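Next up, start.csv (CSV, C-alpha atoms):
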```csv
chain,number,residue,atom,x,y,z
M,726,MET,CA,-34.5,-23.4,-40.4
M,727,ARG,CA,-33.1,-20.0,-39.8
M,728,GLU,CA,-35.7,-17.5,-38.5
M,729,ARG,CA,-36.2,-14.3,-40.5
M,730,ARG,CA,-35.7,-11.1,-38.6
M,731,GLY,CA,-38.9,-9.8,-37.1
M,732,GLU,CA,-40.8,-13.0,-37.4
M,733,ARG,CA,-42.0,-14.9,-34.4
M,734,THR,CA,-42.2,-18.6,-33.9
M,735,PRO,CA,-45.5,-20.3,-32.9
M,736,GLU,CA,-44.1,-20.7,-29.4
M,737,GLN,CA,-43.4,-17.0,-29.1
M,738,MET,CA,-46.8,-16.1,-30.5
M,739,GLY,CA,-48.5,-18.3,-27.9
M,740,PRO,CA,-51.8,-20.2,-28.2
M,741,PRO,CA,-55.0,-18.6,-29.7
M,742,ASN,CA,-57.2,-16.7,-27.3
M,743,GLY,CA,-60.5,-14.8,-27.2
M,744,PHE,CA,-59.1,-11.8,-28.9
M,745,ALA,CA,-58.6,-13.8,-32.1
M,746,MET,CA,-62.4,-14.3,-32.3
M,747,LEU,CA,-63.4,-10.7,-32.0
M,748,PRO,CA,-62.7,-9.5,-35.6
M,749,TRP,CA,-65.5,-11.9,-36.8
M,750,LEU,CA,-68.0,-9.5,-35.1
M,751,LEU,CA,-67.5,-7.4,-38.2
M,752,MET,CA,-69.9,-9.8,-39.9
M,753,GLY,CA,-72.6,-8.1,-38.0
M,754,MET,CA,-71.8,-4.6,-39.4
M,755,GLY,CA,-74.6,-5.1,-42.0
M,756,ALA,CA,-77.2,-5.3,-39.2
M,757,VAL,CA,-75.7,-2.3,-37.4
M,758,SER,CA,-75.8,-0.3,-40.7
M,759,ASN,CA,-79.4,-1.4,-41.2
M,760,LEU,CA,-80.2,-0.2,-37.7
M,761,LEU,CA,-78.5,3.2,-38.1
M,762,GLN,CA,-80.2,3.9,-41.4
M,763,GLY,CA,-83.6,3.3,-39.9
M,764,HIS,CA,-84.4,0.2,-41.9
M,765,THR,CA,-85.1,-1.8,-38.8
M,766,PRO,CA,-88.6,-1.8,-37.3
M,767,ASN,CA,-88.7,-1.2,-33.6
M,768,PRO,CA,-85.1,0.0,-33.5
M,769,TRP,CA,-84.8,0.0,-29.7
M,770,ILE,CA,-85.6,-3.7,-29.7
M,771,GLY,CA,-83.1,-4.3,-32.5
M,772,ALA,CA,-80.4,-2.3,-30.7
M,773,PHE,CA,-81.0,-4.2,-27.5
M,774,GLY,CA,-80.8,-7.5,-29.4
M,775,LEU,CA,-77.5,-6.5,-31.0
M,776,LEU,CA,-76.1,-5.5,-27.6
M,777,ALA,CA,-77.2,-8.8,-26.1
M,778,PHE,CA,-75.8,-10.8,-29.0
M,779,ASN,CA,-72.4,-9.1,-29.0
M,780,SER,CA,-72.1,-9.3,-25.2
M,781,LEU,CA,-72.9,-13.0,-25.1
M,782,TYR,CA,-70.6,-13.7,-28.0
M,783,ILE,CA,-67.6,-11.9,-26.4
M,784,THR,CA,-68.3,-13.6,-23.0
M,785,ILE,CA,-68.5,-17.0,-24.5
M,786,VAL,CA,-65.4,-16.9,-26.7
M,787,PHE,CA,-63.3,-15.7,-23.9
M,788,ARG,CA,-64.6,-18.4,-21.6
M,789,ALA,CA,-64.0,-21.0,-24.4
M,790,PHE,CA,-60.2,-20.7,-23.9
M,791,ASP,CA,-60.3,-21.6,-20.2
M,792,ARG,CA,-61.1,-25.3,-20.0
M,793,ALA,CA,-62.7,-25.1,-16.6
M,794,LYS,CA,-64.9,-22.2,-17.6
M,795,ARG,CA,-65.6,-23.7,-21.0
M,796,GLU,CA,-67.0,-26.9,-19.5
M,797,ALA,CA,-68.9,-25.1,-16.7
M,798,PRO,CA,-72.7,-25.2,-16.9
M,799,ALA,CA,-72.8,-21.4,-17.1
M,800,THR,CA,-71.1,-21.4,-20.5
M,801,TRP,CA,-73.7,-23.7,-21.9
M,802,TRP,CA,-76.5,-21.5,-20.5
M,803,LEU,CA,-74.9,-18.5,-22.1
M,804,LEU,CA,-74.7,-20.5,-25.4
M,805,ALA,CA,-78.4,-21.3,-25.1
M,806,ALA,CA,-79.2,-17.7,-24.5
M,807,MET,CA,-77.1,-16.6,-27.5
M,808,THR,CA,-79.0,-19.2,-29.7
M,809,ALA,CA,-82.3,-17.7,-28.5
M,810,VAL,CA,-81.2,-14.2,-29.3
M,811,THR,CA,-79.9,-15.2,-32.7
M,812,LEU,CA,-83.1,-17.0,-33.5
M,813,ALA,CA,-85.3,-14.0,-32.4
M,814,LEU,CA,-83.3,-11.5,-34.4
M,815,ALA,CA,-83.2,-13.7,-37.6
M,816,LEU,CA,-87.0,-14.3,-37.4
M,817,ALA,CA,-87.8,-10.7,-36.6
M,818,TYR,CA,-85.6,-9.0,-39.2
M,819,GLY,CA,-84.0,-11.5,-41.6
M,820,GLY,CA,-81.6,-10.0,-44.1
M,821,PRO,CA,-78.2,-9.1,-42.6
M,822,TYR,CA,-79.4,-10.4,-39.2
M,823,LEU,CA,-79.2,-14.0,-40.6
M,824,LEU,CA,-75.4,-13.6,-40.6
M,825,PHE,CA,-75.6,-14.0,-36.8
M,826,PHE,CA,-76.0,-17.7,-37.4
M,827,PRO,CA,-72.4,-18.1,-38.7
M,828,LEU,CA,-71.2,-16.1,-35.7
M,829,LEU,CA,-73.2,-18.4,-33.4
M,830,GLY,CA,-71.5,-21.3,-35.3
M,831,LEU,CA,-68.1,-19.7,-34.3
M,832,ALA,CA,-69.1,-19.6,-30.7
M,833,VAL,CA,-70.4,-23.2,-30.8
M,834,GLY,CA,-67.1,-24.3,-32.4
M,835,ALA,CA,-65.1,-22.5,-29.7
M,836,VAL,CA,-67.0,-24.3,-26.9
M,837,VAL,CA,-67.9,-27.7,-28.1
M,838,ARG,CA,-65.2,-30.5,-28.4
M,839,GLY,CA,-65.1,-34.1,-29.5
M,840,ARG,CA,-68.2,-36.1,-30.7
M,841,MET,CA,-70.6,-33.4,-29.4
M,842,VAL,CA,-69.5,-31.1,-32.3
M,843,GLY,CA,-71.5,-33.1,-34.9
M,844,ARG,CA,-74.5,-33.6,-32.5
M,845,ILE,CA,-74.8,-29.9,-32.0
M,846,VAL,CA,-73.6,-28.4,-35.3
M,847,PHE,CA,-75.9,-30.4,-37.6
M,848,PRO,CA,-79.1,-29.4,-35.9
M,849,LEU,CA,-77.9,-25.8,-35.7
M,850,CYS,CA,-77.3,-25.8,-39.5
M,851,VAL,CA,-80.8,-27.2,-40.1
M,852,LEU,CA,-82.2,-24.5,-37.9
M,853,ALA,CA,-80.2,-21.8,-39.6
M,854,GLY,CA,-81.3,-23.1,-43.1
M,855,THR,CA,-84.9,-23.4,-42.1
M,856,VAL,CA,-85.1,-19.9,-40.6
M,857,ALA,CA,-83.2,-18.4,-43.6
M,858,GLY,CA,-85.6,-20.1,-46.0
M,859,VAL,CA,-88.7,-19.1,-44.1
M,860,ARG,CA,-87.6,-15.5,-43.6
M,861,ASP,CA,-85.9,-14.6,-46.9
M,862,GLY,CA,-86.6,-17.4,-49.2
M,863,TRP,CA,-84.4,-20.4,-50.1
M,864,GLY,CA,-81.8,-18.2,-51.7
M,865,ALA,CA,-80.6,-17.5,-48.2
M,866,ILE,CA,-79.9,-21.2,-47.7
M,867,ASN,CA,-76.1,-20.5,-47.9
M,868,VAL,CA,-76.5,-19.3,-44.3
M,869,ALA,CA,-76.7,-22.9,-43.2
M,870,TYR,CA,-73.5,-23.6,-45.1
M,871,GLY,CA,-71.7,-20.7,-43.5
M,872,THR,CA,-72.8,-21.8,-40.1
M,873,PHE,CA,-71.5,-25.3,-40.7
M,874,ILE,CA,-68.1,-24.1,-42.0
M,875,SER,CA,-67.6,-21.6,-39.2
M,876,ALA,CA,-68.5,-24.1,-36.5
M,877,MET,CA,-66.5,-27.1,-37.8
M,878,VAL,CA,-63.4,-25.2,-38.8
M,879,THR,CA,-63.3,-23.3,-35.5
M,880,ALA,CA,-63.7,-26.6,-33.5
M,881,ALA,CA,-61.1,-28.3,-35.6
M,882,VAL,CA,-58.5,-25.5,-35.3
M,883,LEU,CA,-59.0,-25.1,-31.6
M,884,THR,CA,-58.9,-28.8,-30.9
M,885,LEU,CA,-55.7,-29.1,-32.9
M,886,SER,CA,-54.2,-26.2,-31.0
M,887,GLU,CA,-55.0,-27.8,-27.7
M,888,THR,CA,-53.5,-31.1,-28.9
M,889,VAL,CA,-50.3,-29.4,-29.9
M,890,LYS,CA,-50.2,-27.6,-26.5
M,891,GLU,CA,-50.7,-30.9,-24.7
M,892,LEU,CA,-48.0,-32.7,-26.8
M,893,ARG,CA,-45.6,-29.9,-26.1
M,894,ALA,CA,-46.2,-30.1,-22.4
M,895,THR,CA,-45.8,-33.9,-22.6
M,896,ARG,CA,-42.5,-33.5,-24.5
M,897,GLU,CA,-41.2,-31.2,-21.8
M,898,GLN,CA,-42.3,-33.5,-19.1
M,899,LEU,CA,-40.6,-36.5,-20.8
M,900,ALA,CA,-37.4,-34.4,-21.3
M,901,ARG,CA,-37.3,-33.6,-17.6
M,902,ALA,CA,-38.0,-37.2,-16.7
M,903,ALA,CA,-35.1,-38.3,-18.9
M,904,VAL,CA,-32.7,-35.9,-17.3
M,905,GLU,CA,-33.8,-37.0,-13.8
M,906,LYS,CA,-33.5,-40.6,-14.8
M,907,GLU,CA,-30.0,-40.1,-16.1
M,908,ARG,CA,-29.0,-38.1,-13.0
M,909,LEU,CA,-30.3,-40.9,-10.8
M,910,ARG,CA,-28.5,-43.5,-12.9
M,911,PHE,CA,-25.2,-41.7,-12.6
M,912,SER,CA,-25.8,-41.2,-8.8
M,913,ARG,CA,-26.4,-44.9,-8.3
M,914,ASP,CA,-23.4,-46.0,-10.4
M,915,LEU,CA,-21.1,-43.5,-8.8
M,916,HIS,CA,-22.2,-44.6,-5.3
M,917,ASP,CA,-21.7,-48.3,-6.1
M,918,LEU,CA,-18.4,-47.8,-8.0
M,919,LEU,CA,-16.6,-45.4,-5.6
M,920,GLY,CA,-18.0,-47.0,-2.5
M,921,HIS,CA,-16.5,-50.3,-3.4
M,922,THR,CA,-13.3,-49.0,-5.0
M,923,LEU,CA,-12.4,-46.6,-2.3
M,924,SER,CA,-13.0,-49.3,0.3
M,925,VAL,CA,-10.5,-51.6,-1.5
M,926,ILE,CA,-8.0,-48.8,-1.8
M,927,VAL,CA,-8.2,-47.9,1.9
M,928,VAL,CA,-7.8,-51.6,2.9
M,929,LYS,CA,-4.8,-52.1,0.5
M,930,SER,CA,-3.2,-48.8,1.7
M,931,GLU,CA,-3.5,-50.0,5.3
M,932,ALA,CA,-1.9,-53.3,4.3
M,933,ALA,CA,0.9,-51.6,2.5
M,934,ARG,CA,1.6,-49.3,5.5
M,935,ARG,CA,1.7,-52.3,7.8
M,936,LEU,CA,4.0,-54.4,5.5
M,937,ALA,CA,6.4,-51.6,4.6
M,938,PRO,CA,8.7,-51.8,7.7
M,939,ARG,CA,9.2,-55.5,7.5
M,940,ASP,CA,8.5,-56.7,3.9
M,941,LEU,CA,9.0,-54.0,1.3
M,942,ASP,CA,8.3,-56.3,-1.7
M,943,ALA,CA,4.9,-57.3,-0.3
M,944,ALA,CA,4.1,-53.6,0.4
M,945,LEU,CA,5.1,-52.7,-3.2
M,946,ALA,CA,2.8,-55.5,-4.4
M,947,GLN,CA,-0.1,-53.9,-2.5
M,948,VAL,CA,0.8,-50.5,-4.0
M,949,ALA,CA,0.7,-52.1,-7.4
M,950,ASP,CA,-2.7,-53.5,-6.6
M,951,ILE,CA,-3.8,-50.0,-5.6
M,952,GLU,CA,-2.7,-48.7,-8.9
M,953,SER,CA,-4.5,-51.4,-10.8
M,954,VAL,CA,-7.7,-50.8,-8.8
M,955,GLY,CA,-7.5,-47.1,-9.4
M,956,ARG,CA,-7.0,-47.6,-13.2
M,957,GLN,CA,-10.0,-50.0,-13.2
M,958,ALA,CA,-12.1,-47.5,-11.3
M,959,LEU,CA,-11.2,-44.7,-13.8
M,960,THR,CA,-12.3,-47.0,-16.7
M,961,GLU,CA,-15.6,-47.9,-14.9
M,962,ILE,CA,-16.3,-44.2,-14.1
M,963,ARG,CA,-15.8,-43.3,-17.7
M,964,GLU,CA,-18.2,-46.1,-18.8
M,965,ALA,CA,-20.7,-45.0,-16.1
M,966,VAL,CA,-20.6,-41.4,-17.5
M,967,THR,CA,-21.4,-42.6,-21.0
M,968,GLY,CA,-23.9,-45.2,-19.8
M,969,TYR,CA,-22.3,-48.2,-21.4
M,970,ARG,CA,-20.9,-50.0,-18.4
M,971,GLU,CA,-21.9,-53.6,-18.2
M,972,THR,CA,-21.2,-55.6,-15.0
M,973,THR,CA,-20.6,-59.3,-15.3
M,974,LEU,CA,-21.1,-61.5,-12.3
M,975,ALA,CA,-17.9,-63.5,-12.9
M,976,ALA,CA,-15.8,-60.4,-12.9
M,977,GLU,CA,-17.6,-59.1,-9.8
M,978,LEU,CA,-17.0,-62.3,-8.0
M,979,ASP,CA,-13.3,-62.1,-8.8
M,980,ARG,CA,-13.1,-58.5,-7.6
M,981,ALA,CA,-14.9,-59.6,-4.4
M,982,ARG,CA,-12.3,-62.3,-3.7
M,983,ASP,CA,-9.5,-59.7,-4.2
M,984,ALA,CA,-11.2,-57.1,-2.0
M,985,LEU,CA,-11.9,-59.6,0.8
M,986,ALA,CA,-8.4,-61.1,0.6
M,987,ALA,CA,-6.8,-57.6,0.8
M,988,ALA,CA,-8.9,-56.9,4.0
M,989,GLY,CA,-7.8,-60.2,5.5
M,990,VAL,CA,-11.2,-61.8,5.1
M,991,GLU,CA,-11.4,-65.4,4.0
M,992,ALA,CA,-13.6,-65.6,0.9
M,993,VAL,CA,-15.6,-68.7,0.1
M,994,VAL,CA,-17.5,-68.6,-3.3
M,995,ARG,CA,-19.9,-71.3,-4.3
M,996,ARG,CA,-21.8,-71.1,-7.6
M,997,SER,CA,-24.2,-73.7,-9.2
M,998,GLY,CA,-26.8,-73.8,-11.8
M,999,PRO,CA,-27.0,-72.8,-15.5
M,1000,PRO,CA,-25.8,-69.4,-16.9
M,1001,LEU,CA,-28.0,-66.4,-16.0
M,1002,GLU,CA,-29.8,-63.9,-18.1
M,1003,PRO,CA,-27.9,-60.6,-18.5
M,1004,THR,CA,-30.4,-58.7,-16.4
M,1005,ALA,CA,-30.1,-61.1,-13.5
M,1006,GLU,CA,-26.3,-61.1,-13.8
M,1007,ALA,CA,-26.2,-57.3,-13.6
M,1008,LEU,CA,-28.5,-57.1,-10.6
M,1009,LEU,CA,-26.8,-59.8,-8.7
M,1010,SER,CA,-23.4,-58.2,-9.5
M,1011,TRP,CA,-24.6,-55.0,-7.7
M,1012,VAL,CA,-25.7,-57.1,-4.8
M,1013,VAL,CA,-22.3,-58.8,-4.5
M,1014,ARG,CA,-20.5,-55.5,-4.8
M,1015,GLU,CA,-22.5,-53.8,-2.2
M,1016,SER,CA,-22.5,-56.7,0.2
M,1017,VAL,CA,-18.8,-57.2,0.0
M,1018,THR,CA,-18.2,-53.5,0.4
M,1019,ASN,CA,-20.2,-53.5,3.6
M,1020,ALA,CA,-18.4,-56.5,4.8
M,1021,VAL,CA,-15.0,-54.9,4.2
M,1022,ARG,CA,-16.0,-51.4,5.5
M,1023,HIS,CA,-18.4,-52.1,8.4
M,1024,SER,CA,-18.3,-55.6,9.8
M,1025,GLY,CA,-14.8,-56.5,10.9
M,1026,ALA,CA,-15.5,-59.9,9.5
M,1027,ARG,CA,-13.0,-62.7,9.2
M,1028,ARG,CA,-14.9,-64.9,6.8
M,1029,CYS,CA,-17.4,-64.2,4.0
M,1030,GLU,CA,-19.4,-66.7,2.1
M,1031,ILE,CA,-21.0,-66.1,-1.3
M,1032,ASP,CA,-23.5,-68.7,-2.4
M,1033,LEU,CA,-25.2,-68.5,-5.8
M,1034,ALA,CA,-27.7,-71.2,-6.7
M,1035,GLY,CA,-29.8,-71.1,-9.9
M,1036,GLY,CA,-32.2,-73.4,-11.5
M,1037,GLY,CA,-35.8,-73.7,-12.4
M,1038,GLU,CA,-37.6,-70.4,-12.3
M,1039,ARG,CA,-35.7,-68.6,-9.5
M,1040,VAL,CA,-32.0,-67.8,-8.7
M,1041,ARG,CA,-30.8,-67.1,-5.2
M,1042,LEU,CA,-27.7,-65.3,-4.0
M,1043,THR,CA,-26.7,-65.3,-0.3
M,1044,VAL,CA,-23.7,-63.3,1.1
M,1045,THR,CA,-23.0,-64.1,4.7
M,1046,ASP,CA,-20.2,-62.7,6.9
M,1047,ASP,CA,-19.3,-63.3,10.6
M,1048,GLY,CA,-19.0,-59.6,11.3
M,1049,ARG,CA,-21.1,-56.9,12.9
M,1050,GLY,CA,-22.9,-55.7,9.8
M,1051,PRO,CA,-23.6,-52.0,9.1
M,1052,ALA,CA,-23.7,-49.6,12.1
M,1053,GLU,CA,-26.5,-50.3,14.5
M,1054,GLY,CA,-27.7,-53.1,12.2
M,1055,ALA,CA,-29.3,-50.6,9.8
M,1056,PRO,CA,-28.8,-51.3,6.1
M,1057,GLY,CA,-27.0,-48.6,4.1
M,1058,SER,CA,-28.5,-46.5,1.4
M,1059,GLY,CA,-26.9,-48.8,-1.2
M,1060,LEU,CA,-28.8,-51.8,0.1
M,1061,LYS,CA,-32.0,-49.8,0.3
M,1062,GLY,CA,-31.7,-48.8,-3.3
M,1063,LEU,CA,-30.8,-52.3,-4.4
M,1064,ARG,CA,-33.9,-53.6,-2.6
M,1065,GLU,CA,-36.1,-51.3,-4.5
M,1066,ARG,CA,-34.4,-52.2,-7.8
M,1067,VAL,CA,-34.6,-55.9,-7.2
M,1068,ALA,CA,-38.3,-55.6,-6.3
M,1069,ALA,CA,-39.0,-53.7,-9.5
M,1070,ALA,CA,-37.5,-56.7,-11.4
M,1071,GLY,CA,-39.8,-59.1,-9.7
M,1072,GLY,CA,-37.4,-60.3,-6.9
M,1073,THR,CA,-36.7,-59.8,-3.2
M,1074,LEU,CA,-33.7,-58.6,-1.2
M,1075,GLU,CA,-33.4,-59.2,2.5
M,1076,SER,CA,-30.6,-58.1,4.9
M,1077,GLY,CA,-30.0,-58.5,8.6
M,1078,PRO,CA,-28.4,-60.7,11.2
M,1079,GLY,CA,-27.7,-64.3,10.2
M,1080,PRO,CA,-29.1,-67.3,12.0
M,1081,ARG,CA,-25.6,-68.0,13.5
M,1082,GLY,CA,-24.6,-64.4,14.0
M,1083,GLY,CA,-22.9,-62.1,11.6
M,1084,PHE,CA,-24.7,-60.4,8.8
M,1085,ARG,CA,-26.5,-61.9,5.8
M,1086,VAL,CA,-27.8,-60.5,2.5
M,1087,THR,CA,-30.2,-62.6,0.5
M,1088,ALA,CA,-31.4,-61.7,-3.0
M,1089,GLU,CA,-33.8,-63.9,-5.0
M,1090,LEU,CA,-34.8,-63.2,-8.6
M,1091,PRO,CA,-36.8,-64.8,-11.4
M,1092,ALA,CA,-34.5,-66.7,-13.8
M,1093,ASP,CA,-35.6,-64.3,-16.5
M,1094,PRO,CA,-36.4,-61.0,-14.7
M,1095,ALA,CA,-37.9,-57.9,-16.1
M,1096,PRO,CA,-35.4,-55.5,-17.8
M,1097,ASP,CA,-33.2,-53.4,-15.5
M,1098,PRO,CA,-35.8,-51.0,-14.1
M,1099,ASP,CA,-35.7,-47.2,-13.7
M,1100,PRO,CA,-32.7,-46.5,-11.4
M,1101,ALA,CA,-34.7,-43.9,-9.5
M,1102,ALA,CA,-35.2,-46.5,-6.9
M,1103,ALA,CA,-31.5,-47.1,-6.5
M,1104,ALA,CA,-30.3,-43.6,-6.2
M,1105,GLY,CA,-28.7,-44.2,-2.8
```
Here is the file; what I need is its structure written in the form of structure tokens.
Amino acid sequence: MRERRGERTPEQMGPPNGFAMLPWLLMGMGAVSNLLQGHTPNPWIGAFGLLAFNSLYITIVFRAFDRAKREAPATWWLLAAMTAVTLALALAYGGPYLLFFPLLGLAVGAVVRGRMVGRIVFPLCVLAGTVAGVRDGWGAINVAYGTFISAMVTAAVLTLSETVKELRATREQLARAAVEKERLRFSRDLHDLLGHTLSVIVVKSEAARRLAPRDLDAALAQVADIESVGRQALTEIREAVTGYRETTLAAELDRARDALAAAGVEAVVRRSGPPLEPTAEALLSWVVRESVTNAVRHSGARRCEIDLAGGGERVRLTVTDDGRGPAEGAPGSGLKGLRERVAAAGGTLESGPGPRGGFRVTAELPADPAPDPDPAAAAG
């Protein structure tokens, strides 16, 4: 809805504070007038009581809007002192001084929250009604009603205000988390996509350069493959940006064969077991892509074996090459991110030297893993 000129939204006006409670002190003007007109016995005692009451009221209502101060024992001692002053003034003078009970109700409603409201407000109302009846007759019983309304309405309004404030803060936190999650998802996808695709393009470009002097047709075939890989990469990047890219394991295994063949690495792919759940397929596709990219980029391998075995409650993927593995044997950030992501789905991912040399990556997942987790863990 369009805002009218000069009007402020609730966000611009800010939450209620102690100043919003001060105008209610005008309820005590009757007592002040009574004092100034000389209708109050022992006026110095009455003046001191009014000063004490107003000072306690102002102190309490300002402390009530700071949660730490509101819940501090000092605030409750101040509230007890204010109750004592109110009771003394009402018993001593009655009349307009009985209106200090509704003001006390406002202070109680500003401080008390939750189930304690009823436990404190109802005895206070009984006290206010009893004192009003004893001092000025049962016609003043409406003081109890005023005390009840002032306390309960104040507590309800301030509780609702705090709830709205907390909900607004939670909404902002969720919005920030969603932005961060999307940023990390895009970072992960971009890393996995470009790392693999650029490695394939580099390998095929080197092959085209080597073949060009002696076999132009073979070199042109490599160039055509580079064009195809580039177009596929553009499609995948667009899908990654929109968040709708779905990786299938069969397609990733085909890409792995092509990438390994272009790099001069013999590819051996073995697959057994029933079809996998989509979440397991997606995770294992990333493992295949990252492992093959490392084999092409880092290892200098001549042979790479990809074994996928599924059945029962677990599925196991092993990618083994006879190369050196990542530099100094340290897994790259892609494998680190994948390890965290696989672990979040209830599986494990291990990487390191193979038993007969080379480098091996082993991923094991439940047959029906948890949904693809928050990509924060895979932002490598």
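Coordinates place atom CA of M:Asp940 at a distance of 19.2 Å from atom CA of M:Ile926.
Straight-line separation from atom CA of M:Pro821 to atom CA of M:Ser780: 18.4 Å.
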Neighbours of M:Val928 within 12 Å (only C-alpha atoms; same-chain residues fewer than 2 positions away dropped), as a compact mmCIF listing (two decimals) with C-alpha atoms, keeping the file's coordinate frame?
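The new file result31.txt reads:
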```txt
# COMPACT_ATOMS: atom_id res chain seq x y z
CA HIS M 921 -16.50 -50.30 -3.40
CA THR M 922 -13.30 -49.00 -5.00
CA LEU M 923 -12.40 -46.60 -2.30
CA SER M 924 -13.00 -49.30 0.30
CA VAL M 925 -10.50 -51.60 -1.50
CA ILE M 926 -8.00 -48.80 -1.80
CA SER M 930 -3.20 -48.80 1.70
CA GLU M 931 -3.50 -50.00 5.30
CA ALA M 932 -1.90 -53.30 4.30
CA ALA M 933 0.90 -51.60 2.50
CA ARG M 934 1.60 -49.30 5.50
CA ARG M 935 1.70 -52.30 7.80
CA GLN M 947 -0.10 -53.90 -2.50
CA VAL M 948 0.80 -50.50 -4.00
CA ASP M 950 -2.70 -53.50 -6.60
CA ILE M 951 -3.80 -50.00 -5.60
CA VAL M 954 -7.70 -50.80 -8.80
CA ASP M 983 -9.50 -59.70 -4.20
CA ALA M 984 -11.20 -57.10 -2.00
CA LEU M 985 -11.90 -59.60 0.80
CA ALA M 986 -8.40 -61.10 0.60
CA ALA M 987 -6.80 -57.60 0.80
CA ALA M 988 -8.90 -56.90 4.00
CA GLY M 989 -7.80 -60.20 5.50
CA VAL M 990 -11.20 -61.80 5.10
CA THR M 1018 -18.20 -53.50 0.40
CA ALA M 1020 -18.40 -56.50 4.80
CA VAL M 1021 -15.00 -54.90 4.20
CA ARG M 1022 -16.00 -51.40 5.50
CA HIS M 1023 -18.40 -52.10 8.40
CA GLY M 1025 -14.80 -56.50 10.90
```
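Going from atom CA of M:Gly858 over to atom CA of M:Thr765, you cover 19.7 Å.
Distances from M:Ala789, M:Phe825, M:Val882, M:Trp802 to M:Met754 were compared using all atoms listed in the file, and the smallest one belongs to M:Phe825.
When the distance limit is 6 Å and only C-alpha atoms are what count, the residues near M:Phe826, minus those fewer than 3 positions from it on the same chain, are Leu823, Leu829 and Thr872 of chain M.
With distances taken from (-33.3, -70.0, -8.4) and restricted to only C-alpha atoms, the residues inside 8 Å are Ala1034, Gly1035, Gly1036, Gly1037, Glu1038, Arg1039, Val1040, Arg1041, Glu1089, Leu1090, Pro1091 and Ala1092 of chain M.
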Residue among M:Arg788, M:Arg860, M:Arg995, M:Lys1061 lying closest to M:Glu1030, counting only C-alpha atoms: M:Arg995
Contact residues around M:Leu1042 with all atoms listed in the file at 6 Å, ignoring same-chain residues under 3 positions, as a ChimeraX atom specification: /M:1032-1033,1087-1088
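Among the candidates M:Gly771, M:Pro999, M:Pro848, M:Gly1079, the residue lying nearest to M:Asn759 is M:Gly771 (atoms considered: all atoms listed in the file).
Comparing the minimum interatomic distances between M:Thr1073 and each of M:Val994, M:Ile1031, M:Leu1009, M:Leu945, counting all atoms listed in the file, we find that M:Leu1009 sits nearest.
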Long-range neighbours of M:Val878 as a short mmCIF file (atom, residue, chain, number, x, y, z; two decimals) with C-alpha atoms, in the frame of the given file, 9 Å cut-off, all atoms listed in the file, 5 positions minimum in chain:
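Final output, saved to out-v5.cif:
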```cif
data_model
loop_
_atom_site.label_atom_id
_atom_site.label_comp_id
_atom_site.auth_asym_id
_atom_site.auth_seq_id
_atom_site.Cartn_x
_atom_site.Cartn_y
_atom_site.Cartn_z
CA LEU M 831 -68.10 -19.70 -34.30
CA GLY M 834 -67.10 -24.30 -32.40
CA PHE M 873 -71.50 -25.30 -40.70
CA LEU M 883 -59.00 -25.10 -31.60
#
```
Nearest candidate to M:Gly1082 (options M:Asp1047, M:Glu991, M:Asp979, M:Glu1065; using only C-alpha atoms): M:Asp1047
Working from the structure I just supplied, which lacks atoms in stretch 852-862 of chain M, can you model N, CA and C atoms there and output them as an mmCIF file, in the frame of the given file?
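The file below, rebuild14.cif, is the result:
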```
data_model
loop_
_atom_site.group_PDB
_atom_site.id
_atom_site.type_symbol
_atom_site.label_atom_id
_atom_site.label_comp_id
_atom_site.auth_asym_id
_atom_site.auth_seq_id
_atom_site.Cartn_x
_atom_site.Cartn_y
_atom_site.Cartn_z
ATOM 1 N N LEU M 852 -81.479 -25.670 -38.392
ATOM 2 C CA LEU M 852 -82.200 -24.500 -37.900
ATOM 3 C C LEU M 852 -81.943 -23.274 -38.653
ATOM 4 N N ALA M 853 -80.642 -23.017 -38.891
ATOM 5 C CA ALA M 853 -80.200 -21.800 -39.600
ATOM 6 C C ALA M 853 -80.828 -21.831 -41.045
ATOM 7 N N GLY M 854 -80.733 -22.973 -41.724
ATOM 8 C CA GLY M 854 -81.300 -23.100 -43.100
ATOM 9 C C GLY M 854 -82.771 -22.897 -43.118
ATOM 10 N N THR M 855 -83.479 -23.481 -42.139
ATOM 11 C CA THR M 855 -84.900 -23.400 -42.100
ATOM 12 C C THR M 855 -85.382 -21.924 -41.870
ATOM 13 N N VAL M 856 -84.753 -21.272 -40.885
ATOM 14 C CA VAL M 856 -85.100 -19.900 -40.600
ATOM 15 C C VAL M 856 -84.791 -18.982 -41.774
ATOM 16 N N ALA M 857 -83.617 -19.191 -42.400
ATOM 17 C CA ALA M 857 -83.200 -18.400 -43.600
ATOM 18 C C ALA M 857 -84.221 -18.579 -44.700
ATOM 19 N N GLY M 858 -84.660 -19.847 -44.936
ATOM 20 C CA GLY M 858 -85.600 -20.100 -46.000
ATOM 21 C C GLY M 858 -86.968 -19.515 -45.732
ATOM 22 N N VAL M 859 -87.425 -19.615 -44.493
ATOM 23 C CA VAL M 859 -88.700 -19.100 -44.100
ATOM 24 C C VAL M 859 -88.724 -17.542 -44.203
ATOM 25 N N ARG M 860 -87.609 -16.939 -43.742
ATOM 26 C CA ARG M 860 -87.600 -15.500 -43.600
ATOM 27 C C ARG M 860 -87.266 -14.776 -44.935
ATOM 28 N N ASP M 861 -86.301 -15.266 -45.676
ATOM 29 C CA ASP M 861 -85.900 -14.600 -46.900
ATOM 30 C C ASP M 861 -85.858 -15.447 -48.118
ATOM 31 N N GLY M 862 -86.504 -16.571 -48.062
ATOM 32 C CA GLY M 862 -86.600 -17.400 -49.200
ATOM 33 C C GLY M 862 -85.360 -18.379 -49.271
#
```
